[in-house]
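Enquirer: The structure follows.
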Amino acid sequence: QVQLVESGGGSVQAGGSLKLSCQASGSISTYSRYCMGWFRQAPGSEREGVASLYNGLGTTKYAGSVKGRFTISRDYDNKILYLQIARVGPEDTAIYYCAALPMSYDDLCDPDMSPTYWGQGTQVTVSS
């Protein structure tokens, strides 16, 4: 079992920036072989994947709607995943979830993945 715990959410003014964190723990024997991702769910909308990162190589991919403003990264040794959000707008108001999927190769690691493990989510609210 893998546990994921997000932090860093809260209220932020439009135009500002925010950095979310996700601490992974549990039975992660081959941490390098995980596709890690961030998803979000806005009120009244379906959950969408916004960014992914393959642990072993650090390769990243982004949904088109957030490319250029979101940056996914990780602290491999401490098993922490990050999501930096720049120039936030009202459209970024959502619950943000960290997710993980065991994966042997990075070619299928993308924001559209179907994760095995989910965090509990952290709320981000953007005020104008």
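In the structure tokens, chains take letters A, B, ... by order of appearance, with residues numbered from 1 within each chain and ligands from 1 in the order shown.
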Could you list, as a list of chain:residue names, every residue within 6 Å of region 22-24 of chain A, counting only C-alpha atoms and ignoring same-chain residues fewer than 6 positions away?

Expert: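 Listed by chain and then number, they are A:Gln3, A:Leu4, A:Val5, A:Glu6, A:Lys79, A:Ile80, A:Leu81.
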
Enquirer: Quick one: write out the picked residues with C-alpha atoms as a compact mmCIF listing (two decimals), in the first residue's frame?

Expert:
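Dumped everything to part.txt:
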```txt
# COMPACT_ATOMS: atom_id res chain seq x y z
CA GLN A 3 -0.12 6.50 1.20
CA LEU A 4 -0.17 9.96 -0.31
CA VAL A 5 -0.71 13.10 1.73
CA GLU A 6 -1.11 16.48 0.07
CA LYS A 79 9.52 10.87 -1.79
CA ILE A 80 7.86 14.26 -2.16
CA LEU A 81 6.01 15.36 -5.26
```

Enquirer: Can you tell me, as a PyMOL selection string, what residues are no more than 8 Å from Tyr97 (chain A) when counting only C-alpha atoms, ignoring any on the same chain fewer than 2 positions away?

Expert: chain A and resi 6+38-40+95+99+118-122

Enquirer: Could you give me, as a PyMOL selection string, the residues within 7 Å of Ser52 (chain A), counting only C-alpha atoms and dropping anything in the same chain fewer than 6 positions from it?

Expert: chain A and resi 35-38+60-62+109-111

Enquirer: Atoms to include: N, CA and C atoms. Write the selected residues as an mmCIF file, in the first residue's frame.

Expert:
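Output contents, as saved in out_16.cif:
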```cif
data_model
loop_
_atom_site.group_PDB
_atom_site.id
_atom_site.type_symbol
_atom_site.label_atom_id
_atom_site.label_comp_id
_atom_site.auth_asym_id
_atom_site.auth_seq_id
_atom_site.Cartn_x
_atom_site.Cartn_y
_atom_site.Cartn_z
ATOM 1 N N CYS A 35 4.518 6.150 -11.866
ATOM 2 C CA CYS A 35 4.058 7.359 -12.524
ATOM 3 C C CYS A 35 3.296 8.149 -11.468
ATOM 4 N N MET A 36 3.761 9.336 -11.195
ATOM 5 C CA MET A 36 3.130 10.205 -10.208
ATOM 6 C C MET A 36 2.357 11.305 -10.950
ATOM 7 N N GLY A 37 1.277 11.741 -10.359
ATOM 8 C CA GLY A 37 0.501 12.757 -11.058
ATOM 9 C C GLY A 37 -0.290 13.649 -10.131
ATOM 10 N N TRP A 38 -0.713 14.757 -10.682
ATOM 11 C CA TRP A 38 -1.622 15.676 -9.998
ATOM 12 C C TRP A 38 -2.908 15.760 -10.806
ATOM 13 N N THR A 60 8.338 14.622 -17.545
ATOM 14 C CA THR A 60 7.080 15.268 -17.174
ATOM 15 C C THR A 60 6.194 15.502 -18.397
ATOM 16 N N LYS A 61 4.904 15.528 -18.128
ATOM 17 C CA LYS A 61 3.921 15.872 -19.152
ATOM 18 C C LYS A 61 2.821 16.702 -18.508
ATOM 19 N N TYR A 62 2.174 17.529 -19.333
ATOM 20 C CA TYR A 62 1.146 18.425 -18.823
ATOM 21 C C TYR A 62 -0.088 18.401 -19.704
ATOM 22 N N CYS A 109 3.205 7.155 -19.040
ATOM 23 C CA CYS A 109 2.989 8.043 -17.894
ATOM 24 C C CYS A 109 2.543 9.398 -18.420
ATOM 25 N N ASP A 110 1.290 9.715 -18.229
ATOM 26 C CA ASP A 110 0.779 11.008 -18.668
ATOM 27 C C ASP A 110 -0.395 11.403 -17.777
ATOM 28 N N PRO A 111 -0.868 12.644 -17.914
ATOM 29 C CA PRO A 111 -1.943 13.106 -17.029
ATOM 30 C C PRO A 111 -3.251 12.334 -17.169
#
```

Enquirer: What's around Gly16 (chain A) at 12 Å? Count only C-alpha atoms, leave out sequence neighbours fewer than 3 positions away in its own chain, and write the answer as a compact mmCIF listing (two decimals) with N, CA, C and O atoms, in the first residue's frame.

Expert:
```
# COMPACT_ATOMS: atom_id res chain seq x y z
N SER A 11 -6.13 29.56 0.30
CA SER A 11 -6.67 30.68 -0.50
C SER A 11 -5.52 31.49 -1.07
O SER A 11 -4.54 31.76 -0.38
N VAL A 12 -5.67 31.88 -2.31
CA VAL A 12 -4.64 32.67 -2.97
C VAL A 12 -5.32 33.67 -3.88
O VAL A 12 -6.37 33.38 -4.47
N GLN A 13 -4.72 34.84 -3.98
CA GLN A 13 -5.29 35.87 -4.85
C GLN A 13 -4.93 35.59 -6.31
O GLN A 13 -3.84 35.07 -6.61
N LYS A 19 2.38 26.50 -4.25
CA LYS A 19 3.13 25.26 -4.42
C LYS A 19 2.52 24.19 -3.54
O LYS A 19 2.46 24.34 -2.31
N ARG A 69 2.06 27.17 -17.08
CA ARG A 69 1.81 27.74 -15.75
C ARG A 69 2.06 26.76 -14.62
O ARG A 69 2.36 27.16 -13.51
N GLN A 84 3.88 23.29 -8.71
CA GLN A 84 3.96 24.74 -8.65
C GLN A 84 2.95 25.33 -9.63
O GLN A 84 2.92 24.94 -10.80
N ILE A 85 2.14 26.23 -9.13
CA ILE A 85 1.13 26.87 -9.97
C ILE A 85 1.43 28.37 -10.03
O ILE A 85 1.46 29.04 -8.99
N ALA A 86 1.63 28.87 -11.23
CA ALA A 86 1.94 30.28 -11.40
C ALA A 86 0.74 31.02 -11.99
O ALA A 86 -0.10 30.44 -12.67
N ARG A 87 0.66 32.28 -11.71
CA ARG A 87 -0.40 33.16 -12.27
C ARG A 87 -1.78 32.52 -12.13
O ARG A 87 -2.50 32.32 -13.09
N VAL A 88 -2.11 32.20 -10.90
CA VAL A 88 -3.38 31.50 -10.67
C VAL A 88 -4.56 32.38 -11.08
O VAL A 88 -4.50 33.61 -11.01
N GLY A 89 -5.61 31.71 -11.52
CA GLY A 89 -6.85 32.38 -11.89
C GLY A 89 -8.03 31.64 -11.30
O GLY A 89 -7.87 30.54 -10.75
N PRO A 90 -9.22 32.21 -11.40
CA PRO A 90 -10.41 31.56 -10.84
C PRO A 90 -10.61 30.14 -11.35
O PRO A 90 -11.17 29.30 -10.64
N ASP A 92 -8.55 27.91 -11.58
CA ASP A 92 -7.70 26.97 -10.84
C ASP A 92 -8.32 26.57 -9.50
O ASP A 92 -7.76 25.72 -8.80
N THR A 125 -8.37 27.64 -3.42
CA THR A 125 -9.41 28.62 -3.73
C THR A 125 -8.75 29.92 -4.18
O THR A 125 -7.93 30.49 -3.44
N VAL A 126 -9.09 30.36 -5.36
CA VAL A 126 -8.52 31.58 -5.91
C VAL A 126 -9.54 32.70 -5.81
O VAL A 126 -10.68 32.56 -6.27
N SER A 127 -9.14 33.79 -5.21
CA SER A 127 -10.02 34.94 -5.06
C SER A 127 -9.54 36.07 -5.98
O SER A 127 -8.35 36.24 -6.20
N SER A 128 -10.50 36.82 -6.47
CA SER A 128 -10.15 37.90 -7.38
C SER A 128 -10.00 39.22 -6.65
O SER A 128 -10.33 39.34 -5.48
```

Enquirer: So what do you get for CA of Ile72 (chain A) versus CA of Arg33 (chain A), distance-wise?

Expert: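 Interatomic distance, CA of Ile72 (chain A) to CA of Arg33 (chain A): 16.9 Å.
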
Enquirer: Can you tell me how far CA of Tyr76 (chain A) sits from CA of Asp107 (chain A), in Å to one decimal?

Expert: 19.4 Å

Enquirer: Report, in Å to a single decimal, how far apart CA of Ala42 (chain A) and CA of Leu20 (chain A) are.

Expert: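 Those two atoms sit 16.2 Å apart.
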
Enquirer: Please list as a PDB file with N, CA and C atoms, in the first residue's frame every residue within 12 Å of Ser104 (chain A), counting only C-alpha atoms and excluding residues in the same chain fewer than 4 positions away.

Expert:
```pdb
ATOM      1  N   THR A  30       9.802  -0.156  -5.178  1.00  0.00           N
ATOM      2  CA  THR A  30      10.440   0.296  -6.409  1.00  0.00           C
ATOM      3  C   THR A  30       9.883   1.669  -6.758  1.00  0.00           C
ATOM      4  N   TYR A  31      10.240   2.644  -5.970  1.00  0.00           N
ATOM      5  CA  TYR A  31       9.692   3.988  -6.121  1.00  0.00           C
ATOM      6  C   TYR A  31       9.991   4.576  -7.489  1.00  0.00           C
ATOM      7  N   SER A  32      11.119   4.140  -8.075  1.00  0.00           N
ATOM      8  CA  SER A  32      11.478   4.660  -9.386  1.00  0.00           C
ATOM      9  C   SER A  32      10.469   4.258 -10.453  1.00  0.00           C
ATOM     10  N   ARG A  33       9.772   3.164 -10.218  1.00  0.00           N
ATOM     11  CA  ARG A  33       8.831   2.656 -11.211  1.00  0.00           C
ATOM     12  C   ARG A  33       7.402   3.054 -10.879  1.00  0.00           C
ATOM     13  N   TYR A  34       7.255   4.327 -10.664  1.00  0.00           N
ATOM     14  CA  TYR A  34       5.930   4.869 -10.429  1.00  0.00           C
ATOM     15  C   TYR A  34       5.710   6.075 -11.324  1.00  0.00           C
ATOM     16  N   CYS A  35       4.518   6.150 -11.866  1.00  0.00           N
ATOM     17  CA  CYS A  35       4.058   7.359 -12.524  1.00  0.00           C
ATOM     18  C   CYS A  35       3.296   8.149 -11.468  1.00  0.00           C
ATOM     19  N   TYR A  54       7.328  10.747 -14.272  1.00  0.00           N
ATOM     20  CA  TYR A  54       7.796   9.385 -14.083  1.00  0.00           C
ATOM     21  C   TYR A  54       9.024   9.425 -13.183  1.00  0.00           C
ATOM     22  N   ASN A  55       8.908   8.789 -12.033  1.00  0.00           N
ATOM     23  CA  ASN A  55       9.942   8.906 -11.004  1.00  0.00           C
ATOM     24  C   ASN A  55      11.330   8.504 -11.461  1.00  0.00           C
ATOM     25  N   GLY A  56      11.424   7.418 -12.176  1.00  0.00           N
ATOM     26  CA  GLY A  56      12.733   6.912 -12.535  1.00  0.00           C
ATOM     27  C   GLY A  56      13.544   7.851 -13.416  1.00  0.00           C
ATOM     28  N   LEU A  57      12.862   8.580 -14.290  1.00  0.00           N
ATOM     29  CA  LEU A  57      13.558   9.439 -15.240  1.00  0.00           C
ATOM     30  C   LEU A  57      13.306  10.924 -14.999  1.00  0.00           C
ATOM     31  N   LEU A 108       3.981   5.518 -21.017  1.00  0.00           N
ATOM     32  CA  LEU A 108       2.541   5.601 -20.762  1.00  0.00           C
ATOM     33  C   LEU A 108       2.207   6.502 -19.573  1.00  0.00           C
ATOM     34  N   CYS A 109       3.205   7.155 -19.040  1.00  0.00           N
ATOM     35  CA  CYS A 109       2.989   8.043 -17.894  1.00  0.00           C
ATOM     36  C   CYS A 109       2.543   9.398 -18.420  1.00  0.00           C
TER      37      CYS A 109
END
```

Enquirer: For the strand (DSSP E) assignment from backbone DSSP, which residues of chain A qualify? Please present them as a PyMOL selection string.

Expert: chain A and resi 2-7+10-13+18-26+34-41+48-54+59-62+70-75+80-85+94-102+117-118+122-127
